[in-house]
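*Asks:* Encoded as structure tokens, here's the structure I'll be asking about.
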Amino acid sequence: MTSPGEPPSPREEVREFLTSRRARLSPEQAGLGAPRGHRRVAGLRRGEVADLAGVSVEYYARLERGDLRGVSREVLDAIARALQMDDAERSHLLDLARAAGPARSTRRRATQPALRPHLQHLLDAMTGAPAFVRNGRLDVLAINDLGRALYAAAFDSHHEQDRPVNLARFCFLTHQAAGELYPDWNDAAETTVALLRTEAGRDPYDRGLTDLVGELSTRSPDFRARWAAHDVRLHRDGTKHFIHPVVGRLDLDFTAFPVDADSALTLTAYTAPPGSPSADALALLASWEATDRDETASDDHPTARASSPDAPPARPDGEQR
């Protein structure tokens with residue numbers, strides 16, 4: 001097994017993923033009927049998966065060892081059906097197959113893709129919806145004012161100027177603050193790990209992701225246990241729950257948009273159903289954020305009269321001439 005912080009082995013990733021999917025599926029769930037006699041393995045046997053997929057036991061055993069050289073899309077689809085994979089798991093298997101192929105380059109990606117200026121302009125234009133852009137490692141690369149207000153706990157707990165706020169570090173290494181923001185912390189934790197696992201399949205040679213997983217595995221037993229489950233998830237839309245210290249509970253619908261196919265950047269925006277308590281709370285959060293921003297700006301700058309070029313200079317005692 002790869003040690004935390006070490007580059008992942010695509011073969012090992014394939015082996016552990018297929019083994020974990022096979023172990024969770026019982027013969028009854030696979031339509032094979034109740035098992036007879038003592039079974040030495042959890043879930044399905046390799047032979048049973050091979051039969052369901054229409055391949056030989058020897059061939060499936062080779063695939064489960066991580067050797068995906070020359071495997072066809074049709075065979076991978078058959079295995080995915082046999083193991084009853086969902087869309088996220090099927091995509092993950094295809095990603096692992098691409099990563100394990102002979103043409104895969106081991107060149108490491110840059111620390112993060114370049115962020116185009118127009119993305120921040122787009123976020124700033126979304127005044128009624130918290131929104132941010134993240135990469136596959138869950139680094140927040142750009143965010144609008146309402147998004148920063150929603151995730152104030154993550155930004156307040158972040159004190160490292162050399163790297164952006166990372167939602168995975170916030171979730172697992174700032175446990176008290178994350179537990180207060182996420183009323184269902186377990187669901188937030190599972191989603192976080194599943195997104196990182198999905199990204200690891202898409203690009204196992206991302207050194208930044210490898211380092212992040214190593215750090216979290218070393219410092220958080222909760223993360224380490226969830227990472228070993230090999231669960232993956234597509235995070236396109238859904239509902240997320242927050243408890244904000246100023247406005248209380250927010251049940252927000254989210255939609256995640258891929259920025260482009262190559263950079264792995266995702267734009268996530270939150271909304272609330274019109275007329276709902278969460279819509280009222282979101283409007284209150286926007287009002288609070290604007291007021292707080294105006295007060296901060298007034299504290300940072302002189303008064304309009306003092307800064308005006310037409311204002312007469314002040315005497316040392318404060319009286320105007």
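Each chain in the structure tokens gets a letter, A, B and so on, in the order shown; residues start at 1 in every chain, and ligands are counted from 1 in the order they appear.
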Neighbours of region 119-125 of chain A within 12 Å (only C-alpha atoms; same-chain residues fewer than 2 positions away dropped), as a ChimeraX atom specification?

*Replies:* /A:114-117,127-134,140-148,259-260,265-270

*Asks:* Generate the output file for the selected residues, C-alpha atoms, as an mmCIF file, in the first residue's frame.

*Replies:*
data_model
loop_
_atom_site.group_PDB
_atom_site.id
_atom_site.type_symbol
_atom_site.label_atom_id
_atom_site.label_comp_id
_atom_site.auth_asym_id
_atom_site.auth_seq_id
_atom_site.Cartn_x
_atom_site.Cartn_y
_atom_site.Cartn_z
ATOM 1 C CA ALA A 114 -4.472 29.789 -14.117
ATOM 2 C CA LEU A 115 -7.642 31.603 -13.142
ATOM 3 C CA ARG A 116 -9.012 33.846 -15.852
ATOM 4 C CA PRO A 117 -9.907 37.365 -14.653
ATOM 5 C CA THR A 127 -24.816 39.462 -5.976
ATOM 6 C CA GLY A 128 -27.760 37.355 -4.775
ATOM 7 C CA ALA A 129 -26.044 33.952 -4.738
ATOM 8 C CA PRO A 130 -22.984 32.782 -2.808
ATOM 9 C CA ALA A 131 -20.579 31.494 -5.454
ATOM 10 C CA PHE A 132 -16.971 30.417 -5.748
ATOM 11 C CA VAL A 133 -14.509 28.702 -8.081
ATOM 12 C CA ARG A 134 -12.491 25.753 -6.813
ATOM 13 C CA VAL A 140 -11.061 28.116 -3.203
ATOM 14 C CA LEU A 141 -9.436 30.140 -5.986
ATOM 15 C CA ALA A 142 -12.049 32.892 -6.316
ATOM 16 C CA ILE A 143 -15.204 33.803 -4.397
ATOM 17 C CA ASN A 144 -17.773 36.578 -4.316
ATOM 18 C CA ASP A 145 -18.654 38.676 -1.271
ATOM 19 C CA LEU A 146 -21.743 36.670 -0.354
ATOM 20 C CA GLY A 147 -19.811 33.427 -0.698
ATOM 21 C CA ARG A 148 -17.100 34.749 1.610
ATOM 22 C CA VAL A 259 -15.419 25.906 -16.058
ATOM 23 C CA ASP A 260 -13.745 23.982 -18.887
ATOM 24 C CA LEU A 265 -12.037 24.147 -12.224
ATOM 25 C CA THR A 266 -15.610 24.155 -10.953
ATOM 26 C CA LEU A 267 -17.925 27.090 -10.310
ATOM 27 C CA THR A 268 -20.391 26.388 -7.499
ATOM 28 C CA ALA A 269 -23.384 28.638 -6.795
ATOM 29 C CA TYR A 270 -25.988 28.434 -4.013
#

*Asks:* Env of Leu216 (chain A): 8 Å cut, atoms = only C-alpha atoms, seq-sep filter 3 positions within chain, self excluded. Answer as a PyMOL selection string.

*Replies:* chain A and resi 169+172-173+212-213+219-220+223-224

*Asks:* Apply DSSP to the backbone of this structure and, from region 106-231 of chain A, keep only the residues in helix (DSSP H, G or I); write these as a ChimeraX atom specification.

*Replies:* /A:117-125,145-150,152-156,167-173,175-181,185-202,207-219,221-227

*Asks:* Please dump the current selection as a JSON list (two decimals), in the first residue's frame; keep C-alpha atoms.

*Replies:*
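So again.json came out as:
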[["chain", "number", "residue", "atom", "x", "y", "z"],
["A", 117, "PRO", "CA", -9.91, 37.37, -14.65],
["A", 118, "HIS", "CA", -13.40, 37.20, -16.13],
["A", 119, "LEU", "CA", -14.32, 34.46, -13.66],
["A", 120, "GLN", "CA", -13.96, 36.84, -10.73],
["A", 121, "HIS", "CA", -16.02, 39.41, -12.65],
["A", 122, "LEU", "CA", -18.71, 36.78, -13.14],
["A", 123, "LEU", "CA", -18.70, 35.89, -9.46],
["A", 124, "ASP", "CA", -18.93, 39.56, -8.46],
["A", 125, "ALA", "CA", -21.95, 39.98, -10.72],
["A", 145, "ASP", "CA", -18.65, 38.68, -1.27],
["A", 146, "LEU", "CA", -21.74, 36.67, -0.35],
["A", 147, "GLY", "CA", -19.81, 33.43, -0.70],
["A", 148, "ARG", "CA", -17.10, 34.75, 1.61],
["A", 149, "ALA", "CA", -19.79, 35.71, 4.12],
["A", 150, "LEU", "CA", -21.30, 32.22, 3.95],
["A", 152, "ALA", "CA", -16.65, 33.15, 6.90],
["A", 153, "ALA", "CA", -15.64, 30.38, 9.33],
["A", 154, "ALA", "CA", -13.32, 28.85, 6.75],
["A", 155, "PHE", "CA", -11.70, 32.18, 5.93],
["A", 156, "ASP", "CA", -11.46, 33.25, 9.57],
["A", 167, "LEU", "CA", -12.36, 23.18, 2.09],
["A", 168, "ALA", "CA", -10.93, 19.73, 2.85],
["A", 169, "ARG", "CA", -8.46, 21.11, 5.39],
["A", 170, "PHE", "CA", -11.25, 23.20, 6.88],
["A", 171, "CYS", "CA", -13.54, 20.19, 7.18],
["A", 172, "PHE", "CA", -11.04, 17.82, 8.81],
["A", 173, "LEU", "CA", -8.43, 20.01, 10.50],
["A", 175, "HIS", "CA", -13.16, 20.35, 13.38],
["A", 176, "GLN", "CA", -14.99, 22.65, 15.80],
["A", 177, "ALA", "CA", -15.55, 25.46, 13.30],
["A", 178, "ALA", "CA", -16.54, 23.02, 10.55],
["A", 179, "GLY", "CA", -18.91, 21.21, 12.90],
["A", 180, "GLU", "CA", -20.61, 24.50, 13.70],
["A", 181, "LEU", "CA", -20.95, 25.49, 10.03],
["A", 185, "TRP", "CA", -20.74, 17.16, 9.46],
["A", 186, "ASN", "CA", -20.60, 13.45, 8.53],
["A", 187, "ASP", "CA", -22.30, 14.09, 5.21],
["A", 188, "ALA", "CA", -19.99, 17.05, 4.52],
["A", 189, "ALA", "CA", -16.97, 14.88, 5.38],
["A", 190, "GLU", "CA", -18.08, 12.02, 3.14],
["A", 191, "THR", "CA", -18.71, 14.39, 0.25],
["A", 192, "THR", "CA", -15.34, 16.04, 0.73],
["A", 193, "VAL", "CA", -13.44, 12.75, 0.66],
["A", 194, "ALA", "CA", -15.47, 11.42, -2.28],
["A", 195, "LEU", "CA", -14.65, 14.52, -4.33],
["A", 196, "LEU", "CA", -10.93, 14.19, -3.57],
["A", 197, "ARG", "CA", -11.02, 10.47, -4.40],
["A", 198, "THR", "CA", -12.77, 11.26, -7.69],
["A", 199, "GLU", "CA", -10.09, 13.83, -8.54],
["A", 200, "ALA", "CA", -7.35, 11.34, -7.62],
["A", 201, "GLY", "CA", -8.74, 8.97, -10.24],
["A", 202, "ARG", "CA", -8.93, 11.73, -12.83],
["A", 207, "ARG", "CA", 1.50, 16.28, -6.68],
["A", 208, "GLY", "CA", -0.52, 18.91, -4.85],
["A", 209, "LEU", "CA", -3.39, 16.46, -4.41],
["A", 210, "THR", "CA", -1.03, 13.71, -3.29],
["A", 211, "ASP", "CA", 0.48, 16.03, -0.67],
["A", 212, "LEU", "CA", -2.96, 17.10, 0.54],
["A", 213, "VAL", "CA", -4.16, 13.50, 0.92],
["A", 214, "GLY", "CA", -0.95, 12.62, 2.74],
["A", 215, "GLU", "CA", -1.35, 15.55, 5.11],
["A", 216, "LEU", "CA", -4.99, 14.78, 5.88],
["A", 217, "SER", "CA", -4.33, 11.05, 6.26],
["A", 218, "THR", "CA", -1.57, 11.77, 8.76],
["A", 219, "ARG", "CA", -3.42, 14.38, 10.80],
["A", 221, "PRO", "CA", -8.12, 9.55, 11.55],
["A", 222, "ASP", "CA", -11.60, 10.49, 10.29],
["A", 223, "PHE", "CA", -10.21, 11.35, 6.88],
["A", 224, "ARG", "CA", -7.97, 8.27, 6.79],
["A", 225, "ALA", "CA", -10.90, 5.91, 7.46],
["A", 226, "ARG", "CA", -13.09, 7.51, 4.83],
["A", 227, "TRP", "CA", -10.30, 7.61, 2.25]]

*Asks:* Using only C-alpha atoms, pick whichever of A:Arg40, A:Arg46, A:Arg11, A:His241 has the shortest atom-to-atom distance to Pro183 (chain A).

*Replies:*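 Of the candidates, the smallest distance to Pro183 (chain A) is held by A:His241.
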
*Asks:* Of the candidates A:Ala53, A:Ala99, A:Leu44, A:Leu250, which shows the shortest atom-to-atom distance to Ala272 (chain A), using only C-alpha atoms?

*Replies:*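 Counting only C-alpha atoms, the residue closest to Ala272 (chain A) is A:Leu250.
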
*Asks:* Find, counting only C-alpha atoms, the residue in A:Glu160, A:Glu16, A:Val57, A:Leu83 that gets nearest to Gly31 (chain A).

*Replies:*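 With only C-alpha atoms as the atom set, the closest residue is A:Leu83.
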
*Asks:* Write out as an MDAnalysis selection string the set of residues from region 115-157 of chain A that DSSP, computed on the backbone, places in strand (DSSP E or B).

*Replies:* chainID A and resid 131:134 139:143

*Asks:* Would you mind exporting the chosen residues as a PDB file, in the first residue's frame, restricted to N, CA and C atoms?

*Replies:*
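Saved the output as again-v3.pdb:
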ATOM      1  N   ALA A 131     -21.185  32.233  -4.349  1.00  0.00           N
ATOM      2  CA  ALA A 131     -20.579  31.494  -5.454  1.00  0.00           C
ATOM      3  C   ALA A 131     -19.066  31.547  -5.334  1.00  0.00           C
ATOM      4  N   PHE A 132     -18.434  30.463  -5.783  1.00  0.00           N
ATOM      5  CA  PHE A 132     -16.971  30.417  -5.748  1.00  0.00           C
ATOM      6  C   PHE A 132     -16.465  29.476  -6.827  1.00  0.00           C
ATOM      7  N   VAL A 133     -15.184  29.600  -7.147  1.00  0.00           N
ATOM      8  CA  VAL A 133     -14.509  28.702  -8.081  1.00  0.00           C
ATOM      9  C   VAL A 133     -13.470  27.915  -7.296  1.00  0.00           C
ATOM     10  N   ARG A 134     -13.464  26.616  -7.484  1.00  0.00           N
ATOM     11  CA  ARG A 134     -12.491  25.753  -6.813  1.00  0.00           C
ATOM     12  C   ARG A 134     -11.819  24.858  -7.843  1.00  0.00           C
ATOM     13  N   ASP A 139      -9.342  23.694  -3.327  1.00  0.00           N
ATOM     14  CA  ASP A 139      -8.826  25.032  -3.043  1.00  0.00           C
ATOM     15  C   ASP A 139      -9.828  26.058  -3.570  1.00  0.00           C
ATOM     16  N   VAL A 140     -10.186  27.037  -2.753  1.00  0.00           N
ATOM     17  CA  VAL A 140     -11.061  28.116  -3.203  1.00  0.00           C
ATOM     18  C   VAL A 140     -10.186  29.170  -3.883  1.00  0.00           C
ATOM     19  N   LEU A 141     -10.295  29.257  -5.196  1.00  0.00           N
ATOM     20  CA  LEU A 141      -9.436  30.140  -5.986  1.00  0.00           C
ATOM     21  C   LEU A 141     -10.040  31.515  -6.214  1.00  0.00           C
ATOM     22  N   ALA A 142     -11.358  31.605  -6.157  1.00  0.00           N
ATOM     23  CA  ALA A 142     -12.049  32.892  -6.316  1.00  0.00           C
ATOM     24  C   ALA A 142     -13.418  32.755  -5.660  1.00  0.00           C
ATOM     25  N   ILE A 143     -13.917  33.861  -5.108  1.00  0.00           N
ATOM     26  CA  ILE A 143     -15.204  33.803  -4.397  1.00  0.00           C
ATOM     27  C   ILE A 143     -15.813  35.196  -4.403  1.00  0.00           C
TER      28      ILE A 143
END

*Asks:* If you measure from CA of Gln84 (chain A) to CA of Gly70 (chain A), what distance in Å do you get, rounded to one decimal?

*Replies:* 22.7 Å

*Asks:* Pick out the closest residue to Ser276 (chain A) from this set: A:Arg69, A:Asp251, A:Asp292, A:Leu25. Count only C-alpha atoms.

*Replies:* A:Asp251

*Asks:* List the neighbours of Asp51 (chain A) out to 10 Å using only C-alpha atoms; skip same-chain residues closer than 4 positions along the sequence, and give me the result as a list in words.

*Replies:* Arg46, Gly47, Val55, Ser56, Val57, Tyr60, Ile79 and Ala82 of chain A

*Asks:* May I ask for the distance between CA of Arg73 (chain A) and CA of Ala264 (chain A), given in Å to one decimal place?

*Replies:*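 If I compute the distance from CA of Arg73 (chain A) to CA of Ala264 (chain A), I get 23.1 Å.
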
*Asks:* Please compute the CA of Lys240 (chain A)-CA of Leu252 (chain A) distance, one decimal, in Å.

*Replies:*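 These two atoms are separated by 5.4 Å.
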
*Asks:* I'd like the neighbourhood of region 85-96 of chain A as a short mmCIF file (atom, residue, chain, number, x, y, z; two decimals) with C-alpha atoms, in the first residue's frame, where a residue qualifies if any of its atoms comes within 12 Å (using only C-alpha atoms), though same-chain residues fewer than 5 positions away should be ignored.

*Replies:*
data_model
loop_
_atom_site.label_atom_id
_atom_site.label_comp_id
_atom_site.auth_asym_id
_atom_site.auth_seq_id
_atom_site.Cartn_x
_atom_site.Cartn_y
_atom_site.Cartn_z
CA PRO A 8 -0.33 6.87 -5.77
CA SER A 9 0.07 3.73 -7.84
CA PRO A 10 -2.61 3.48 -10.55
CA ARG A 11 -2.46 -0.31 -10.35
CA GLU A 12 -3.03 -0.24 -6.62
CA GLU A 13 -5.88 2.22 -7.04
CA VAL A 14 -7.58 -0.10 -9.52
CA ARG A 15 -7.08 -3.14 -7.29
CA GLU A 16 -8.41 -1.47 -4.16
CA PHE A 17 -11.34 0.15 -5.96
CA LEU A 18 -12.54 -3.05 -7.63
CA SER A 20 -14.02 -2.54 -2.40
CA ARG A 21 -16.89 -2.56 -4.92
CA ARG A 22 -16.94 -6.36 -4.98
CA ARG A 24 -19.96 -4.38 -0.70
CA LEU A 25 -22.22 -6.39 -3.05
CA ALA A 30 -26.38 -9.30 -7.47
CA LEU A 63 -7.95 -6.72 -14.11
CA GLU A 64 -8.47 -6.68 -10.35
CA GLY A 66 -4.61 -3.52 -11.64
CA ASP A 67 -3.50 -4.68 -15.07
CA LEU A 68 -5.80 -2.80 -17.42
CA ARG A 69 -3.53 -2.89 -20.46
CA VAL A 71 -8.95 -3.54 -21.77
CA SER A 72 -11.86 -2.35 -23.90
CA ARG A 73 -14.56 0.13 -22.92
CA GLU A 74 -17.11 -2.64 -23.41
CA VAL A 75 -15.42 -4.86 -20.82
CA LEU A 76 -15.16 -1.99 -18.34
CA ASP A 77 -18.85 -1.22 -18.85
CA ALA A 78 -19.69 -4.90 -18.27
CA ILE A 79 -17.71 -4.93 -15.02
CA ALA A 80 -19.38 -1.71 -13.92
CA GLY A 101 -2.59 2.88 -19.54
CA ARG A 104 -0.12 8.00 -19.43
CA ALA A 194 -15.47 11.42 -2.28
CA LEU A 195 -14.65 14.52 -4.33
CA LEU A 196 -10.93 14.19 -3.57
CA ARG A 197 -11.02 10.47 -4.40
CA THR A 198 -12.77 11.26 -7.69
CA GLU A 199 -10.09 13.83 -8.54
CA ALA A 200 -7.35 11.34 -7.62
CA GLY A 201 -8.74 8.97 -10.24
CA ARG A 202 -8.93 11.73 -12.83
CA ASP A 203 -5.34 12.80 -12.27
CA PRO A 204 -3.34 10.55 -9.91
CA TYR A 205 -0.14 12.42 -10.83
CA HIS A 230 -12.71 4.37 -2.05
CA ASP A 231 -16.10 6.08 -2.39
CA VAL A 232 -16.50 8.59 -5.22
CA ARG A 233 -19.20 11.10 -6.06
CA LEU A 234 -20.33 13.44 -8.82
CA HIS A 235 -21.14 16.81 -7.26
CA ARG A 236 -23.32 18.48 -9.87
#
